[in-house]
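Data file: data-v3.cif. Format and content: mmCIF, C-alpha atoms and all ligand atoms.
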```cif
data_protein
#
loop_
_atom_site.label_atom_id
_atom_site.label_comp_id
_atom_site.auth_asym_id
_atom_site.auth_seq_id
_atom_site.Cartn_x
_atom_site.Cartn_y
_atom_site.Cartn_z
CA MET A 1 -58.49 23.53 -13.75
CA ALA A 2 -55.89 24.97 -11.43
CA HIS A 3 -56.04 28.48 -12.87
CA CYS A 4 -59.75 28.76 -12.13
CA ALA A 5 -58.80 28.74 -8.48
CA ILE A 6 -56.38 31.65 -8.68
CA ALA A 7 -57.39 34.50 -6.43
CA ARG A 8 -55.95 37.71 -7.86
CA ASN A 9 -55.13 40.07 -5.09
CA GLY A 10 -53.72 42.92 -7.12
CA GLU A 11 -51.46 44.28 -9.81
CA THR A 12 -48.18 46.04 -9.01
CA MET A 13 -45.87 47.60 -11.60
CA GLY A 14 -47.52 45.44 -14.25
CA LEU A 15 -46.72 42.24 -12.33
CA ARG A 16 -49.56 40.07 -11.21
CA PHE A 17 -49.25 38.83 -7.69
CA ILE A 18 -51.48 36.18 -6.29
CA THR A 19 -51.97 34.35 -3.04
CA ARG A 20 -53.08 30.81 -2.66
CA SER A 21 -52.39 28.31 0.06
CA ALA A 22 -50.60 25.00 -0.58
CA ARG A 23 -52.78 22.37 -2.20
CA VAL A 24 -53.14 18.89 -0.81
CA GLY A 25 -53.65 15.62 -2.65
CA SER A 26 -57.07 14.06 -3.25
CA ASP A 27 -56.46 11.79 -0.26
CA GLY A 28 -55.78 14.85 1.86
CA SER A 29 -52.02 14.26 2.05
CA SER A 30 -49.46 16.80 0.95
CA ASN A 31 -47.02 15.44 -1.65
CA VAL A 32 -44.28 17.79 -0.53
CA LYS A 33 -40.91 15.98 -0.69
CA LYS A 34 -38.50 17.25 1.86
CA THR A 35 -34.79 18.00 1.80
CA ARG A 36 -32.74 16.91 4.78
CA VAL A 37 -30.43 19.66 5.95
CA LEU A 38 -27.36 18.83 7.98
CA GLY A 39 -25.93 22.10 9.19
CA MET A 40 -23.43 22.74 11.96
CA ARG A 41 -25.87 21.89 14.75
CA GLU A 42 -26.84 18.54 13.20
CA LEU A 43 -23.21 17.77 12.35
CA THR A 44 -22.29 18.39 15.98
CA GLN A 45 -25.05 16.02 17.09
CA VAL A 46 -23.83 13.27 14.75
CA VAL A 47 -20.21 13.66 15.85
CA GLU A 48 -21.26 13.65 19.52
CA MET A 49 -23.25 10.45 18.95
CA VAL A 50 -20.63 8.62 16.92
CA GLY A 51 -17.33 10.08 18.13
CA VAL A 52 -14.79 11.64 15.81
CA ASP A 53 -12.41 8.65 15.98
CA ARG A 54 -15.15 6.26 14.93
CA LEU A 55 -16.28 8.64 12.22
CA LEU A 56 -12.74 8.80 10.81
CA ASP A 57 -12.40 5.02 10.99
CA ALA A 58 -15.75 4.53 9.27
CA LEU A 59 -14.77 7.00 6.56
CA PHE A 60 -11.42 5.25 6.10
CA GLU A 61 -13.16 1.89 5.62
CA ARG A 62 -15.84 3.32 3.34
CA LEU A 63 -13.46 5.31 1.15
CA HIS A 64 -10.93 2.49 0.98
CA SER A 65 -13.52 0.02 -0.29
CA ARG A 66 -15.04 2.55 -2.71
CA LEU A 67 -11.59 3.20 -4.17
CA ALA A 68 -10.79 -0.52 -4.37
CA GLU A 69 -13.96 -1.24 -6.33
CA HIS A 70 -13.99 2.05 -8.27
CA ASP A 71 -15.60 1.55 -11.66
CA THR A 72 -16.18 4.52 -13.93
CA ASP A 73 -19.36 2.90 -15.30
CA VAL A 74 -20.78 2.93 -11.78
CA THR A 75 -19.35 6.16 -10.43
CA THR A 76 -18.76 8.99 -12.85
CA THR A 77 -16.84 12.09 -11.88
CA ILE A 78 -16.20 15.06 -14.09
CA ASP A 79 -13.39 17.53 -13.62
CA ARG A 80 -14.14 20.30 -11.23
CA ALA A 81 -14.60 23.78 -12.61
CA GLY A 82 -15.21 27.17 -11.12
CA PHE A 83 -14.45 30.84 -10.89
CA HIS A 84 -10.93 31.86 -9.93
CA TYR A 85 -10.30 35.49 -9.08
CA ALA A 86 -7.77 37.89 -7.62
CA LYS A 87 -10.19 40.58 -6.37
CA PRO A 88 -10.88 41.57 -3.66
CA ASP A 89 -8.41 38.84 -2.64
CA LEU A 90 -7.10 35.69 -4.27
CA GLY A 91 -9.82 33.06 -4.17
CA LEU A 92 -12.02 30.60 -5.98
CA ILE A 93 -15.42 29.02 -5.87
CA GLU A 94 -15.56 25.63 -7.55
CA TRP A 95 -18.07 22.84 -8.06
CA MET A 96 -17.08 19.20 -7.83
CA PRO A 97 -19.63 16.76 -9.30
CA THR A 98 -19.92 12.97 -8.98
CA MET A 99 -22.66 10.61 -10.10
CA GLN A 100 -23.48 7.28 -8.60
CA VAL A 101 -25.12 5.89 -11.75
CA GLY A 102 -28.80 5.14 -11.23
CA SER A 103 -29.10 6.73 -7.82
CA ARG A 104 -27.39 9.94 -6.89
CA VAL A 105 -25.47 13.03 -7.93
CA ALA A 106 -23.34 14.87 -5.38
CA ILE A 107 -22.07 18.36 -6.07
CA LYS A 108 -19.76 19.94 -3.59
CA THR A 109 -19.28 23.67 -3.89
CA VAL A 110 -16.09 24.82 -2.28
CA GLY A 111 -14.59 28.21 -1.71
CA TYR A 112 -10.89 28.74 -1.08
CA HIS A 113 -9.95 32.13 0.31
CA PRO A 114 -6.56 31.95 2.04
CA SER A 115 -6.96 35.43 3.54
CA ASN A 116 -10.09 34.28 5.43
CA PRO A 117 -8.47 33.20 8.72
CA THR A 118 -6.52 36.42 9.25
CA GLN A 119 -8.95 38.90 7.71
CA ARG A 120 -12.40 37.46 8.43
CA GLY A 121 -11.96 34.85 11.12
CA LEU A 122 -13.29 32.22 8.72
CA PRO A 123 -11.71 28.98 7.45
CA SER A 124 -9.79 29.23 4.16
CA VAL A 125 -11.85 26.33 2.81
CA LEU A 126 -15.65 26.56 3.09
CA ALA A 127 -17.82 23.89 1.49
CA THR A 128 -21.36 22.55 1.14
CA THR A 129 -22.55 19.40 -0.62
CA SER A 130 -25.90 18.94 -2.37
CA LEU A 131 -27.13 15.39 -2.96
CA TYR A 132 -29.66 14.82 -5.75
CA ASP A 133 -31.80 11.79 -6.53
CA THR A 134 -31.25 10.78 -10.17
CA VAL A 135 -34.68 9.13 -10.34
CA ASP A 136 -36.56 12.42 -10.06
CA GLY A 137 -33.91 15.14 -9.74
CA ARG A 138 -34.96 15.99 -6.23
CA LEU A 139 -32.56 17.68 -3.81
CA VAL A 140 -32.32 14.98 -1.16
CA ALA A 141 -29.90 16.64 1.20
CA LEU A 142 -27.77 19.68 1.84
CA VAL A 143 -24.72 18.88 3.93
CA GLU A 144 -22.24 21.18 5.61
CA SER A 145 -18.88 20.09 4.18
CA THR A 146 -16.10 22.24 5.60
CA PHE A 147 -15.57 19.69 8.35
CA LEU A 148 -16.15 16.82 5.90
CA THR A 149 -13.54 18.23 3.50
CA ALA A 150 -10.93 18.27 6.24
CA LEU A 151 -11.98 14.78 7.32
CA ARG A 152 -11.87 13.24 3.85
CA THR A 153 -8.59 14.99 2.97
CA GLY A 154 -6.99 13.56 6.10
CA THR A 155 -8.51 10.17 5.30
CA ALA A 156 -7.19 10.15 1.72
CA SER A 157 -3.70 10.90 3.10
CA ALA A 158 -4.11 8.14 5.68
CA ILE A 159 -5.01 5.65 2.93
CA ALA A 160 -1.94 6.58 0.87
CA THR A 161 0.26 6.60 3.98
CA ASP A 162 -1.02 3.21 5.06
CA ILE A 163 0.08 1.74 1.73
CA LEU A 164 3.30 3.65 1.06
CA ALA A 165 4.84 4.63 4.40
CA LYS A 166 7.25 2.48 6.34
CA PRO A 167 5.51 0.13 8.74
CA GLY A 168 5.75 0.60 12.49
CA PRO A 169 5.93 3.81 14.54
CA ILE A 170 6.73 7.00 12.64
CA THR A 171 7.84 10.58 13.11
CA LEU A 172 5.44 12.82 11.22
CA GLY A 173 6.36 16.21 9.80
CA ILE A 174 3.75 18.83 9.01
CA ILE A 175 4.38 22.02 7.07
CA GLY A 176 1.43 24.39 7.24
CA CYS A 177 -0.42 24.02 10.55
CA GLY A 178 -3.91 25.24 9.58
CA ALA A 179 -7.21 23.35 9.38
CA GLN A 180 -6.04 20.50 7.15
CA ALA A 181 -3.03 19.84 9.39
CA VAL A 182 -5.35 18.81 12.23
CA THR A 183 -6.97 16.01 10.22
CA GLN A 184 -3.65 14.99 8.65
CA LEU A 185 -2.32 14.28 12.12
CA HIS A 186 -5.55 12.74 13.37
CA ALA A 187 -6.22 10.48 10.37
CA ILE A 188 -2.60 9.30 10.13
CA SER A 189 -2.62 8.58 13.88
CA ARG A 190 -5.43 6.07 13.23
CA ILE A 191 -3.20 3.94 10.98
CA ARG A 192 0.31 4.46 12.42
CA ASP A 193 1.66 5.04 15.88
CA ILE A 194 3.03 8.61 15.71
CA GLU A 195 5.92 8.86 18.17
CA ARG A 196 6.22 12.60 17.63
CA ALA A 197 5.34 15.30 15.16
CA ILE A 198 7.64 18.11 14.04
CA VAL A 199 5.67 21.02 12.63
CA PHE A 200 6.28 24.35 10.94
CA ASP A 201 4.11 27.24 9.81
CA THR A 202 5.18 30.65 8.54
CA SER A 203 2.68 32.10 11.00
CA CYS A 204 4.07 31.75 14.56
CA GLU A 205 0.53 32.11 15.98
CA VAL A 206 -0.87 29.27 13.87
CA ALA A 207 2.13 27.05 14.65
CA ALA A 208 1.82 27.79 18.38
CA SER A 209 -1.92 27.10 18.51
CA PHE A 210 -1.51 23.77 16.69
CA THR A 211 -0.33 22.07 19.88
CA SER A 212 -3.54 22.91 21.71
CA ARG A 213 -5.78 22.10 18.71
CA VAL A 214 -4.41 18.54 18.57
CA ALA A 215 -3.78 18.04 22.31
CA PHE A 216 -6.57 15.43 22.37
CA LEU A 217 -4.37 13.12 20.26
CA LYS A 218 -1.61 13.08 22.88
CA VAL A 219 1.13 13.11 20.25
CA PRO A 220 4.28 14.98 21.37
CA ILE A 221 4.57 18.04 19.11
CA GLU A 222 7.78 19.94 18.38
CA VAL A 223 7.12 23.32 16.78
CA VAL A 224 10.11 24.56 14.80
CA GLY A 225 11.04 27.86 13.17
CA PRO A 226 12.16 28.50 9.58
CA ASP A 227 15.80 27.80 10.45
CA ALA A 228 14.88 24.16 11.31
CA ILE A 229 12.72 23.33 8.30
CA GLY A 230 15.63 21.46 6.65
CA ARG A 231 16.07 19.33 9.78
CA LEU A 232 12.31 18.66 9.83
CA VAL A 233 12.27 17.44 6.23
CA GLY A 234 15.47 15.45 6.69
CA THR A 235 14.33 13.69 9.87
CA VAL A 236 10.74 12.59 9.41
CA ASP A 237 9.37 9.31 8.04
CA VAL A 238 6.14 10.84 6.78
CA LEU A 239 5.51 14.46 5.83
CA SER A 240 2.22 16.23 5.16
CA THR A 241 2.44 19.59 3.42
CA CYS A 242 -0.75 21.61 3.72
CA THR A 243 0.15 25.24 3.23
CA SER A 244 -1.71 28.11 1.68
CA VAL A 245 1.43 29.14 -0.21
CA ALA A 246 0.54 31.52 -3.03
CA PRO A 247 0.68 30.44 -6.69
CA ASP A 248 4.22 30.76 -8.06
CA ALA A 249 5.68 31.26 -4.55
CA GLY A 250 6.58 27.58 -3.93
CA PRO A 251 8.18 25.23 -3.31
CA VAL A 252 7.92 25.36 0.47
CA VAL A 253 9.93 22.18 1.08
CA PRO A 254 13.69 22.70 0.75
CA HIS A 255 15.69 20.25 -1.31
CA VAL A 256 17.62 18.44 1.42
CA LYS A 257 18.69 14.86 2.02
CA THR A 258 15.66 12.96 3.27
CA GLN A 259 15.10 9.53 4.77
CA PRO A 260 15.19 7.09 1.82
CA TRP A 261 11.69 5.87 2.80
CA LEU A 262 10.13 9.30 3.18
CA HIS A 263 6.44 9.33 2.24
CA ILE A 264 4.90 12.74 1.54
CA ASN A 265 1.23 13.71 1.43
CA ALA A 266 1.31 16.86 -0.70
CA VAL A 267 -2.05 18.37 0.12
CA GLY A 268 -1.67 22.11 -0.40
CA ALA A 269 -1.07 22.25 -4.16
CA ASP A 270 -4.58 22.35 -5.62
CA PHE A 271 -4.49 25.49 -7.70
CA ALA A 272 -2.75 26.35 -10.96
CA GLY A 273 0.77 27.60 -10.22
CA LYS A 274 0.70 26.41 -6.61
CA ILE A 275 3.37 23.87 -5.63
CA GLU A 276 4.96 22.76 -2.37
CA LEU A 277 7.64 20.23 -3.33
CA PRO A 278 10.94 20.73 -5.15
CA ILE A 279 11.08 19.12 -8.54
CA ALA A 280 14.27 17.21 -7.65
CA LEU A 281 12.40 15.37 -4.91
CA LEU A 282 9.50 14.59 -7.25
CA ARG A 283 11.87 13.22 -9.88
CA THR A 284 13.31 10.66 -7.46
CA SER A 285 9.97 9.58 -5.99
CA LEU A 286 7.00 7.47 -6.96
CA VAL A 287 4.36 10.19 -7.40
CA CYS A 288 0.75 8.97 -7.07
CA PRO A 289 -1.92 11.46 -8.12
CA ASP A 290 -5.42 11.25 -6.65
CA VAL A 291 -6.84 12.25 -10.06
CA LEU A 292 -4.34 12.40 -12.91
CA SER A 293 -6.02 15.10 -15.03
CA GLN A 294 -6.59 17.35 -12.02
CA CYS A 295 -3.07 16.89 -10.64
CA LEU A 296 -1.51 17.81 -13.98
CA LEU A 297 -3.41 21.11 -13.85
CA GLU A 298 -3.29 21.92 -10.14
CA GLY A 299 -1.13 19.50 -8.16
CA GLU A 300 2.56 18.76 -7.76
CA ALA A 301 2.24 16.96 -11.08
CA GLN A 302 2.21 20.38 -12.76
CA GLN A 303 5.97 20.02 -12.58
CA LEU A 304 5.99 16.63 -14.30
CA GLU A 305 4.65 14.85 -17.37
CA ALA A 306 1.85 12.27 -17.17
CA ALA A 307 4.39 9.60 -18.13
CA ASP A 308 6.45 10.38 -14.98
CA LEU A 309 3.54 9.59 -12.66
CA GLY A 310 2.61 6.49 -10.73
CA PRO A 311 -0.88 5.05 -10.20
CA GLU A 312 -3.95 7.09 -9.38
CA LEU A 313 -5.48 6.56 -5.96
CA PRO A 314 -7.98 3.81 -6.97
CA GLU A 315 -5.22 1.73 -8.57
CA LEU A 316 -2.93 2.33 -5.60
CA VAL A 317 -5.61 0.89 -3.34
CA ARG A 318 -6.66 -1.93 -5.68
CA ARG A 319 -3.05 -3.12 -6.08
CA ARG A 320 -1.95 -2.20 -2.59
CA THR A 321 0.11 -5.36 -2.04
CA HIS A 322 2.19 -4.51 -5.10
CA PHE A 323 2.66 -0.86 -4.09
CA GLU A 324 3.56 -1.74 -0.49
CA GLU A 325 6.90 -2.72 -2.05
CA PHE A 326 7.58 1.03 -2.27
CA ARG A 327 7.51 1.46 1.53
CA SER A 328 11.30 1.60 1.58
CA ALA A 329 11.42 4.14 -1.26
CA SER A 330 10.61 7.84 -1.58
CA THR A 331 6.92 8.30 -2.40
CA VAL A 332 4.52 11.22 -2.84
CA PHE A 333 0.73 11.26 -2.70
CA ASP A 334 -0.28 14.21 -4.89
CA SER A 335 -3.58 15.12 -3.23
CA THR A 336 -5.73 17.71 -4.96
CA GLY A 337 -9.06 16.50 -3.55
CA TRP A 338 -11.50 14.30 -5.44
CA ALA A 339 -15.25 14.68 -5.78
CA LEU A 340 -15.69 10.95 -5.08
CA GLU A 341 -14.28 11.55 -1.59
CA ASP A 342 -16.94 14.21 -1.08
CA LEU A 343 -19.74 11.90 -2.21
CA VAL A 344 -18.57 9.14 0.11
CA SER A 345 -18.19 11.43 3.13
CA ALA A 346 -21.53 13.22 2.59
CA GLU A 347 -23.35 9.89 2.16
CA LEU A 348 -21.76 8.51 5.31
CA LEU A 349 -22.80 11.55 7.33
CA LEU A 350 -26.31 11.44 5.89
CA GLU A 351 -26.63 7.76 6.72
CA LEU A 352 -25.47 8.29 10.30
CA ALA A 353 -27.81 11.25 10.68
CA GLU A 354 -30.76 9.17 9.42
CA GLN A 355 -29.85 6.29 11.74
CA HIS A 356 -29.91 8.64 14.72
CA GLY A 357 -32.92 10.66 13.55
CA ILE A 358 -30.84 13.81 13.16
CA GLY A 359 -31.49 16.53 10.58
CA ILE A 360 -33.89 19.27 9.73
CA GLU A 361 -36.38 18.42 7.00
CA ILE A 362 -37.46 21.38 4.95
CA ALA A 363 -39.78 21.75 1.99
CA LEU A 364 -37.20 23.54 -0.12
CA GLN A 365 -38.28 22.56 -3.61
CA ALA A 366 -41.53 23.01 -5.48
CA THR A 367 -43.21 19.61 -5.46
CA SER A 368 -46.80 20.68 -5.95
CA GLN A 369 -49.72 18.41 -6.81
CA ASP A 370 -50.11 19.66 -10.35
CA ALA A 371 -46.87 18.87 -12.14
CA HIS A 372 -47.85 21.08 -15.07
CA ASP A 373 -48.64 24.18 -13.09
CA PRO A 374 -45.73 26.18 -11.70
CA TYR A 375 -48.31 28.36 -9.86
CA ALA A 376 -50.08 25.41 -8.24
CA PHE A 377 -48.36 25.90 -4.91
CA LEU A 378 -50.32 29.13 -4.59
CA LEU A 379 -53.66 27.38 -4.91
CA ASN A 380 -56.21 27.92 -2.25
CA ASP A 381 -58.70 25.07 -2.34
CA ASN A 382 -61.25 27.33 -0.70
CA ALA A 383 -60.92 29.99 -3.39
N1 LIG B 1 -5.87 18.19 -1.38
C1 LIG B 1 -7.05 18.43 -0.87
O1 LIG B 1 -7.97 17.62 -0.98
C2 LIG B 1 -7.25 19.69 -0.10
C3 LIG B 1 -8.39 19.83 0.70
C4 LIG B 1 -8.53 20.99 1.44
C5 LIG B 1 -7.57 22.00 1.36
N2 LIG B 1 -6.51 21.82 0.54
C6 LIG B 1 -5.45 22.84 0.44
O2 LIG B 1 -4.65 22.71 1.59
C7 LIG B 1 -4.08 23.98 1.93
C8 LIG B 1 -4.27 24.24 3.40
O3 LIG B 1 -5.65 24.34 3.68
P1 LIG B 1 -6.12 24.76 5.14
O4 LIG B 1 -7.59 24.61 5.14
O5 LIG B 1 -5.32 24.04 6.15
O6 LIG B 1 -5.70 26.29 5.13
P2 LIG B 1 -5.34 27.21 6.38
O7 LIG B 1 -5.42 28.60 5.91
O8 LIG B 1 -6.15 26.79 7.57
O9 LIG B 1 -3.81 26.84 6.70
C9 LIG B 1 -2.78 27.06 5.81
C10 LIG B 1 -1.54 27.40 6.62
O10 LIG B 1 -0.40 27.40 5.74
C11 LIG B 1 0.51 28.35 6.25
N3 LIG B 1 1.49 28.65 5.24
C12 LIG B 1 1.37 29.41 4.12
N4 LIG B 1 2.52 29.41 3.44
C13 LIG B 1 3.40 28.63 4.12
C14 LIG B 1 4.74 28.22 3.91
N5 LIG B 1 5.42 28.64 2.85
N6 LIG B 1 5.33 27.42 4.81
C15 LIG B 1 4.65 27.00 5.91
N7 LIG B 1 3.37 27.36 6.17
C16 LIG B 1 2.75 28.16 5.28
C17 LIG B 1 -0.39 29.52 6.65
O11 LIG B 1 0.27 30.37 7.56
C18 LIG B 1 -1.60 28.79 7.24
O12 LIG B 1 -1.48 28.69 8.65
C19 LIG B 1 -4.76 24.98 1.03
O13 LIG B 1 -3.90 25.28 -0.02
C20 LIG B 1 -5.97 24.26 0.48
O14 LIG B 1 -6.33 24.69 -0.79
C21 LIG B 1 -6.32 20.69 -0.18
#
```
What does this structure look like when you write it as structure tokens?
Ligand SMILES: NC(=O)c1ccc[n+]([C@@H]2O[C@H](COP(=O)([O-])OP(=O)(O)OC[C@H]3O[C@@H](n4cnc5c(N)ncnc54)[C@H](O)[C@@H]3O)[C@@H](O)[C@H]2O)c1
Amino acid sequence: MAHCAIARNGETMGLRFITRSARVGSDGSSNVKKTRVLGMRELTQVVEMVGVDRLLDALFERLHSRLAEHDTDVTTTIDRAGFHYAKPDLGLIEWMPTMQVGSRVAIKTVGYHPSNPTQRGLPSVLATTSLYDTVDGRLVALVESTFLTALRTGTASAIATDILAKPGPITLGIIGCGAQAVTQLHAISRIRDIERAIVFDTSCEVAASFTSRVAFLKVPIEVVGPDAIGRLVGTVDVLSTCTSVAPDAGPVVPHVKTQPWLHINAVGADFAGKIELPIALLRTSLVCPDVLSQCLLEGEAQQLEAADLGPELPELVRRRTHFEEFRSASTVFDSTGWALEDLVSAELLLELAEQHGIGIEIALQATSQDAHDPYAFLLNDNA
């Protein structure tokens, strides 16, 4: 019996404390199951091996096919939930769960703290994904997901843009030049030739630094001030809005005459009360939510009724030939961020890491030999 082997080393404040060394199986092997951790160092190694262009392209392919074949009996997502607070600053921490039936659960935890960049030198969005095996409940992997969130958000916009934006070279507008803006430009540049980008941010420093952050893409960038935002919106073929505008402070896009074929990726509105687009523009556009229920609560769709909305992202992809007809019309992708995108991106990174032998394996969870003894990991066979 396991408890016979307990060596009691003392009593402190009425609490028993004991020391035992890890027990091994009868064949001498440890049955410790390990968790693969992909932190910043491992992520860097994967991206250096694969290349960020190839990673984006692989994610585009993977996400596109997962959306096309999306079946709620196979992949179940439940609405994200979390804590929203105003102290010490406006922020939230949310969890976004998805289940691949019969194999895996992914839960991304994401924090949004728009004061982070200026007050703490941290990204506004910070995220981590945990992947669990649904056979035994084991934590298979822990994956850094701040980079992956930016990557999958850019990719989702690229998928919508590919279907709904005018074919051929485009002028891209970006309003809000922070972290998400980088992957909006990069991911869209993988599916359309971007002749130039016109960008605006309320922070002159962020707008100015955007040019150097995306210099590797070799897209001519025109940074404009607030007086030219109407010209920006009126000129471009595709617009990505990714601002940290405060709840109830929007819209950030003025209601001006736009190109009749303007496609907008509305990325920033993902919080109750937060909007970026004027309602008049929404009313004259085909508005495609990524997730209907979420967009009605947090996206641009807060300003509309469910009946006013177009297809969700999976249907948009599945019936892409039909929706390509809207390339000459005004369209909006209402992007609030979907847990399925997080599952797909975390799995892709994990797969690439495994292929290249990258990742730290740690014995994070109790997987002792005696399933009925929570103290068994303390056993000392010599005791
Ligand atoms: N849809 C999604 O899947 C998804 C994913 C990640 C982030 N987001 C959202 O996207 C937004 C941007 O995220 P980020 O990581 O780039 O944040 P960030 O803090 O890096 O950048 C946001 C930028 O918006 C600028 N800004 C704020 N108000 C503005 C306005 N009225 N006009 C122009 N610029 C303005 C800020 O100065 C800042 O530079 C956030 O609201 C975030 O919640 C959405």
For this session: Record the distance separating CA of Pro117 (chain A) and CA of Pro226 (chain A), expressed in Å with one decimal.
Result: 21.2 Å
Please produce, as a tab-separated table, a per-residue contact table for region 240-300 of chain A versus region 201-221 of chain A (criterion: any atom at most 10 Å away, only C-alpha atoms considered), showing the nearest atom pair and its distance in Å to one decimal, sorted by chain then residue number.
```
residue	atom	partner	partner_atom	distance
A:Cys242	CA	A:Asp201	CA	9.6
A:Thr243	CA	A:Asp201	CA	7.9
A:Val245	CA	A:Thr202	CA	9.6
```
Exercise. Can you tell me, as a list in words, what residues are no more than 8 Å from Ile360 (chain A) when counting all atoms listed in the file, ignoring any on the same chain fewer than 3 positions away?
Worked result: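 Answer for this query is Arg36, Val37, Leu38 and Glu42 of chain A.
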Exercise. Given a cut-off of 7 Å, what residues near ligand LIG 1 (chain B) show up using all atoms listed in the file, put as a PyMOL selection string?
Worked result: chain A and resi 112+114+117+123-125+149-150+153+175-181+200-203+206+242-245+250+252+267-270+335-338
Exercise. Taking into account all atoms listed in the file, which residue in the set A:Ser240, A:Ser157, A:Ser368, A:Thr75 is nearest to Pro289 (chain A)?
Worked result: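 Once distances to Pro289 (chain A) are computed over all atoms listed in the file, the minimum belongs to A:Ser157.
In this model, the gap between CA of Arg192 (chain A) and CA of Pro167 (chain A) comes to 7.7 Å.
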Problem set entry | Shell of 10 Å around Arg320 (chain A), only C-alpha atoms, local chain residues under 3 positions omitted, as an NGL selection string | :A and (68 or 160 or 162-164 or 314-317 or 323-325)
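Using all atoms listed in the file, the smallest distance between any of A:Asp237, A:Asp57, A:Asp342, A:Glu347 and Lys108 (chain A) comes from A:Asp342.
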For this session: Rounded to one decimal place, report the CA of Ala353 (chain A)-CA of Ala58 (chain A) distance in Å.
Result: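 Atom-to-atom, CA of Ala353 (chain A) to CA of Ala58 (chain A), that is 13.9 Å.
When only C-alpha atoms are used to compute distances to Thr77 (chain A), the closest of the residues A:Arg120, A:His64, A:Arg104, A:His113 turns out to be A:Arg104.
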Exercise. Using only C-alpha atoms, which of the listed residues (A:Pro254, A:Arg283, A:Phe60, A:Ala329) sits closest to Asp227 (chain A)?
Worked result: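 The closest residue to Asp227 (chain A) is A:Pro254.
Among A:Ser328, A:Val47, A:Ala141, A:Pro88, the residue with the shortest atom-to-atom distance to Asn116 (chain A), counting only C-alpha atoms, is A:Pro88.
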